[in-house]
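*Asks:* To be precise about what I am sending: the file is called start_16.pdb and holds PDB, C-alpha atoms.
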```pdb
ATOM      1  CA  MET A   1      -3.196-131.753  74.848  1.00  0.00           C
ATOM      2  CA  GLU A   2      -6.338-133.890  74.730  1.00  0.00           C
ATOM      3  CA  ASP A   3      -5.122-135.788  77.807  1.00  0.00           C
ATOM      4  CA  LEU A   4      -4.692-132.511  79.670  1.00  0.00           C
ATOM      5  CA  MET A   5      -8.163-131.352  78.715  1.00  0.00           C
ATOM      6  CA  SER A   6      -9.699-134.550  80.051  1.00  0.00           C
ATOM      7  CA  LEU A   7      -8.143-134.117  83.530  1.00  0.00           C
ATOM      8  CA  SER A   8     -10.063-132.529  86.394  1.00  0.00           C
ATOM      9  CA  ASP A   9      -8.704-129.458  88.158  1.00  0.00           C
ATOM     10  CA  GLU A  10      -7.772-131.595  91.159  1.00  0.00           C
ATOM     11  CA  GLU A  11      -5.802-134.023  88.952  1.00  0.00           C
ATOM     12  CA  ILE A  12      -3.897-131.149  87.302  1.00  0.00           C
ATOM     13  CA  LEU A  13      -3.038-129.632  90.711  1.00  0.00           C
ATOM     14  CA  ALA A  14      -1.910-133.034  92.003  1.00  0.00           C
ATOM     15  CA  GLU A  15       0.354-133.555  88.970  1.00  0.00           C
ATOM     16  CA  ALA A  16       1.879-130.093  89.413  1.00  0.00           C
ATOM     17  CA  ARG A  17       2.620-130.826  93.064  1.00  0.00           C
ATOM     18  CA  GLU A  18       4.135-134.207  92.125  1.00  0.00           C
ATOM     19  CA  ASP A  19       6.465-132.354  89.721  1.00  0.00           C
ATOM     20  CA  GLY A  20       7.585-130.123  92.597  1.00  0.00           C
ATOM     21  CA  ARG A  21       5.543-127.050  91.569  1.00  0.00           C
ATOM     22  CA  ASP A  22       3.418-124.923  93.894  1.00  0.00           C
ATOM     23  CA  PRO A  23       0.146-124.111  92.096  1.00  0.00           C
ATOM     24  CA  GLU A  24      -0.895-121.526  94.718  1.00  0.00           C
ATOM     25  CA  ALA A  25       2.400-119.634  94.370  1.00  0.00           C
ATOM     26  CA  PHE A  26       2.097-119.810  90.566  1.00  0.00           C
ATOM     27  CA  ALA A  27      -1.485-118.491  90.732  1.00  0.00           C
ATOM     28  CA  SER A  28      -0.369-115.699  93.052  1.00  0.00           C
ATOM     29  CA  ARG A  29       2.447-114.697  90.655  1.00  0.00           C
ATOM     30  CA  MET A  30       0.012-114.731  87.716  1.00  0.00           C
ATOM     31  CA  ARG A  31      -2.546-112.570  89.580  1.00  0.00           C
ATOM     32  CA  ALA A  32       0.226-110.097  90.446  1.00  0.00           C
ATOM     33  CA  ARG A  33       1.392-110.037  86.822  1.00  0.00           C
ATOM     34  CA  PHE A  34      -2.175-109.501  85.539  1.00  0.00           C
ATOM     35  CA  GLU A  35      -2.569-106.640  88.004  1.00  0.00           C
ATOM     36  CA  GLN A  36       0.690-105.073  86.778  1.00  0.00           C
ATOM     37  CA  VAL A  37      -0.487-105.328  83.172  1.00  0.00           C
ATOM     38  CA  ARG A  38      -3.903-103.875  84.083  1.00  0.00           C
ATOM     39  CA  ILE A  39      -2.309-100.928  85.892  1.00  0.00           C
ATOM     40  CA  ALA A  40       0.145-100.318  83.032  1.00  0.00           C
ATOM     41  CA  SER A  41      -2.721-100.425  80.530  1.00  0.00           C
ATOM     42  CA  ARG A  42      -4.751 -97.915  82.552  1.00  0.00           C
ATOM     43  CA  LYS A  43      -1.739 -95.612  82.868  1.00  0.00           C
ATOM     44  CA  THR A  44      -1.225 -95.767  79.107  1.00  0.00           C
ATOM     45  CA  ARG A  45      -4.892 -94.959  78.487  1.00  0.00           C
ATOM     46  CA  MET A  46      -4.752 -92.117  81.019  1.00  0.00           C
ATOM     47  CA  ALA A  47      -1.630 -90.683  79.377  1.00  0.00           C
ATOM     48  CA  ALA A  48      -3.313 -90.833  75.976  1.00  0.00           C
ATOM     49  CA  ALA A  49      -6.418 -89.128  77.357  1.00  0.00           C
ATOM     50  CA  LYS A  50      -4.320 -86.390  78.970  1.00  0.00           C
ATOM     51  CA  ALA A  51      -2.419 -85.879  75.722  1.00  0.00           C
ATOM     52  CA  GLY A  52      -5.720 -85.589  73.851  1.00  0.00           C
ATOM     53  CA  VAL A  53      -7.062 -83.016  76.305  1.00  0.00           C
ATOM     54  CA  SER A  54      -3.798 -81.096  76.153  1.00  0.00           C
ATOM     55  CA  ALA A  55      -3.852 -81.066  72.356  1.00  0.00           C
ATOM     56  CA  ALA A  56      -7.475 -79.932  72.326  1.00  0.00           C
ATOM     57  CA  ARG A  57      -6.680 -77.119  74.756  1.00  0.00           C
ATOM     58  CA  ARG A  58      -3.763 -75.966  72.600  1.00  0.00           C
ATOM     59  CA  GLN A  59      -6.069 -75.791  69.583  1.00  0.00           C
ATOM     60  CA  GLU A  60      -8.625 -73.754  71.507  1.00  0.00           C
ATOM     61  CA  THR A  61      -7.077 -70.330  71.610  1.00  0.00           C
ATOM     62  CA  PRO A  62      -9.394 -68.187  73.687  1.00  0.00           C
ATOM     63  CA  HIS A  63     -10.409 -65.054  71.895  1.00  0.00           C
ATOM     64  CA  PRO A  64     -12.148 -62.207  73.590  1.00  0.00           C
ATOM     65  CA  PRO A  65     -15.626 -61.728  72.190  1.00  0.00           C
ATOM     66  CA  ALA A  66     -15.568 -59.360  69.241  1.00  0.00           C
ATOM     67  CA  VAL A  67     -17.444 -56.122  69.623  1.00  0.00           C
ATOM     68  CA  ILE A  68     -19.722 -55.906  66.628  1.00  0.00           C
ATOM     69  CA  ASP A  69     -21.368 -52.741  65.449  1.00  0.00           C
ATOM     70  CA  MET A  70     -24.858 -53.982  64.663  1.00  0.00           C
ATOM     71  CA  ALA A  71     -25.585 -51.068  62.336  1.00  0.00           C
ATOM     72  CA  SER A  72     -22.572 -52.119  60.242  1.00  0.00           C
ATOM     73  CA  ALA A  73     -23.611 -55.761  60.402  1.00  0.00           C
ATOM     74  CA  ARG A  74     -27.124 -54.893  59.205  1.00  0.00           C
ATOM     75  CA  ALA A  75     -25.626 -52.742  56.427  1.00  0.00           C
ATOM     76  CA  ARG A  76     -23.405 -55.633  55.305  1.00  0.00           C
ATOM     77  CA  LEU A  77     -26.388 -57.960  55.245  1.00  0.00           C
ATOM     78  CA  ARG A  78     -28.392 -55.411  53.256  1.00  0.00           C
ATOM     79  CA  GLN A  79     -25.485 -55.049  50.756  1.00  0.00           C
ATOM     80  CA  ALA A  80     -25.290 -58.833  50.347  1.00  0.00           C
ATOM     81  CA  ILE A  81     -29.040 -58.983  49.761  1.00  0.00           C
ATOM     82  CA  ASP A  82     -28.908 -56.147  47.224  1.00  0.00           C
ATOM     83  CA  ARG A  83     -25.984 -57.755  45.336  1.00  0.00           C
ATOM     84  CA  ASN A  84     -27.533 -61.251  45.231  1.00  0.00           C
ATOM     85  CA  PRO A  85     -31.312 -60.837  45.401  1.00  0.00           C
ATOM     86  CA  ALA A  86     -32.184 -63.985  43.439  1.00  0.00           C
ATOM     87  CA  GLY A  87     -30.082 -66.360  45.536  1.00  0.00           C
ATOM     88  CA  LEU A  88     -31.208 -65.314  49.021  1.00  0.00           C
ATOM     89  CA  THR A  89     -34.126 -66.538  51.061  1.00  0.00           C
ATOM     90  CA  MET A  90     -37.129 -64.472  51.994  1.00  0.00           C
ATOM     91  CA  ALA A  91     -36.026 -64.446  55.656  1.00  0.00           C
ATOM     92  CA  ALA A  92     -32.796 -62.719  54.714  1.00  0.00           C
ATOM     93  CA  ARG A  93     -34.621 -60.211  52.512  1.00  0.00           C
ATOM     94  CA  ASN A  94     -36.486 -58.812  55.536  1.00  0.00           C
ATOM     95  CA  GLU A  95     -33.342 -57.949  57.472  1.00  0.00           C
ATOM     96  CA  SER A  96     -34.979 -54.998  59.212  1.00  0.00           C
ATOM     97  CA  GLU A  97     -37.269 -57.447  61.042  1.00  0.00           C
ATOM     98  CA  LEU A  98     -34.416 -59.733  62.162  1.00  0.00           C
ATOM     99  CA  SER A  99     -32.990 -59.721  65.695  1.00  0.00           C
ATOM    100  CA  ASP A 100     -29.306 -58.894  66.148  1.00  0.00           C
ATOM    101  CA  ALA A 101     -28.570 -62.600  66.676  1.00  0.00           C
ATOM    102  CA  ASP A 102     -30.409 -63.451  63.451  1.00  0.00           C
ATOM    103  CA  VAL A 103     -28.460 -60.804  61.521  1.00  0.00           C
ATOM    104  CA  LEU A 104     -25.162 -62.220  62.795  1.00  0.00           C
ATOM    105  CA  SER A 105     -26.290 -65.759  61.999  1.00  0.00           C
ATOM    106  CA  GLN A 106     -27.296 -64.729  58.454  1.00  0.00           C
ATOM    107  CA  LEU A 107     -23.941 -63.017  57.935  1.00  0.00           C
ATOM    108  CA  GLN A 108     -22.095 -66.098  59.197  1.00  0.00           C
ATOM    109  CA  ASP A 109     -24.116 -68.289  56.831  1.00  0.00           C
ATOM    110  CA  LEU A 110     -23.354 -65.985  53.891  1.00  0.00           C
ATOM    111  CA  MET A 111     -19.645 -66.066  54.744  1.00  0.00           C
ATOM    112  CA  GLU A 112     -19.697 -69.875  54.838  1.00  0.00           C
ATOM    113  CA  LEU A 113     -21.474 -69.888  51.461  1.00  0.00           C
ATOM    114  CA  GLY A 114     -18.906 -67.506  49.993  1.00  0.00           C
ATOM    115  CA  VAL A 115     -21.384 -64.703  49.341  1.00  0.00           C
ATOM    116  CA  ILE A 116     -19.511 -62.431  51.776  1.00  0.00           C
ATOM    117  CA  ASP A 117     -15.742 -62.458  52.132  1.00  0.00           C
ATOM    118  CA  PRO A 118     -14.892 -63.598  55.689  1.00  0.00           C
ATOM    119  CA  GLN A 119     -11.713 -61.477  55.584  1.00  0.00           C
ATOM    120  CA  ASP A 120     -13.842 -58.339  55.719  1.00  0.00           C
ATOM    121  CA  GLY A 121     -14.886 -59.135  59.303  1.00  0.00           C
ATOM    122  CA  LEU A 122     -18.040 -58.071  61.066  1.00  0.00           C
ATOM    123  CA  SER A 123     -16.860 -55.189  63.225  1.00  0.00           C
TER     124      SER A 123
END
```
Rewrite the coordinates I just gave you, this time as structure tokens.
*Replies:*
Amino acid sequence: MEDLMSLSDEEILAEAREDGRDPEAFASRMRARFEQVRIASRKTRMAAAKAGVSAARRQETPHPPAVIDMASARARLRQAIDRNPAGLTMAARNESELSDADVLSQLQDLMELGVIDPQDGLS
């Protein structure tokens, strides 16, 4: 192996030709094989990406936006505040000053915290 490493490229090519080998044809076959492997690898990666997108799309079941009665949502927030006054923030205590989006956000937060049962819904 050390002898091979000490040879120049020209000496290696000359020895290959002396042994009846065609270095250019060998190089061409190797480039073609590398290209085949590269294409196969890209196809595999593309298939995996497509499978991932497909799986993500299956998990995303489109739901029509829920129609929420804001008076009911504000009443639910008020009930949660009245039941748990010590554990709620001052922002939640002033629910009459909150925008509709803030009320819904507060209700969502309270559901995630377990203060409101998510099974009750917001409609």
*Asks:* With all atoms listed in the file as the basis for distance, which of A:Glu15, A:Leu110, A:Ala47, A:Ala27 is at the shortest distance from A:Leu77?
*Replies:*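 Of A:Glu15, A:Leu110, A:Ala47, A:Ala27, the one nearest A:Leu77, counting all atoms listed in the file, is A:Leu110.
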*Asks:* Which residue out of A:Gln59, A:Arg45, A:Lys50, A:Met111 has the minimum interatomic distance to A:Arg76 when all atoms listed in the file are used?
*Replies:* A:Met111
*Asks:* Given 5 Å on each side, where is the centre and what are the edge lengths in Å to one decimal of the axis-aligned box enclosing the listed atoms of stretch 6-22 of chain A, as JSON?
*Replies:*
```
{"center_x": -1.2, "center_y": -129.7, "center_z": 87.0, "size_x": 27.6, "size_y": 19.6, "size_z": 23.8}
```
*Asks:* Report, in Å to a single decimal, how far apart atom CA of A:Asp69 and atom CA of A:Ile81 are.
*Replies:* 18.5 Å
*Asks:* Out of A:Ala101, A:Ala73, A:Val37, A:Ala55, which residue has the shortest atom-to-atom distance to A:Ile116 when counting all atoms listed in the file?
*Replies:*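 Smallest separation from A:Ile116 among the options: A:Ala73.
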*Asks:* Closest to A:Arg83 among A:Leu4, A:Leu13, A:Val115, A:Ile39, using all atoms listed in the file?
*Replies:* A:Val115
*Asks:* To one decimal in Å, tell me the separation between atom CA of A:Ala14 and atom CA of A:Arg33.
*Replies:*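 We find that atom CA of A:Ala14 and atom CA of A:Arg33 lie 23.8 Å from each other.
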*Asks:* So the first atom is atom CA of A:Asp100 and the second is atom CA of A:Ala71; what is the distance between them in Å, to one decimal place?
*Replies:*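 For atom CA of A:Asp100 relative to atom CA of A:Ala71, the distance reads 9.5 Å.
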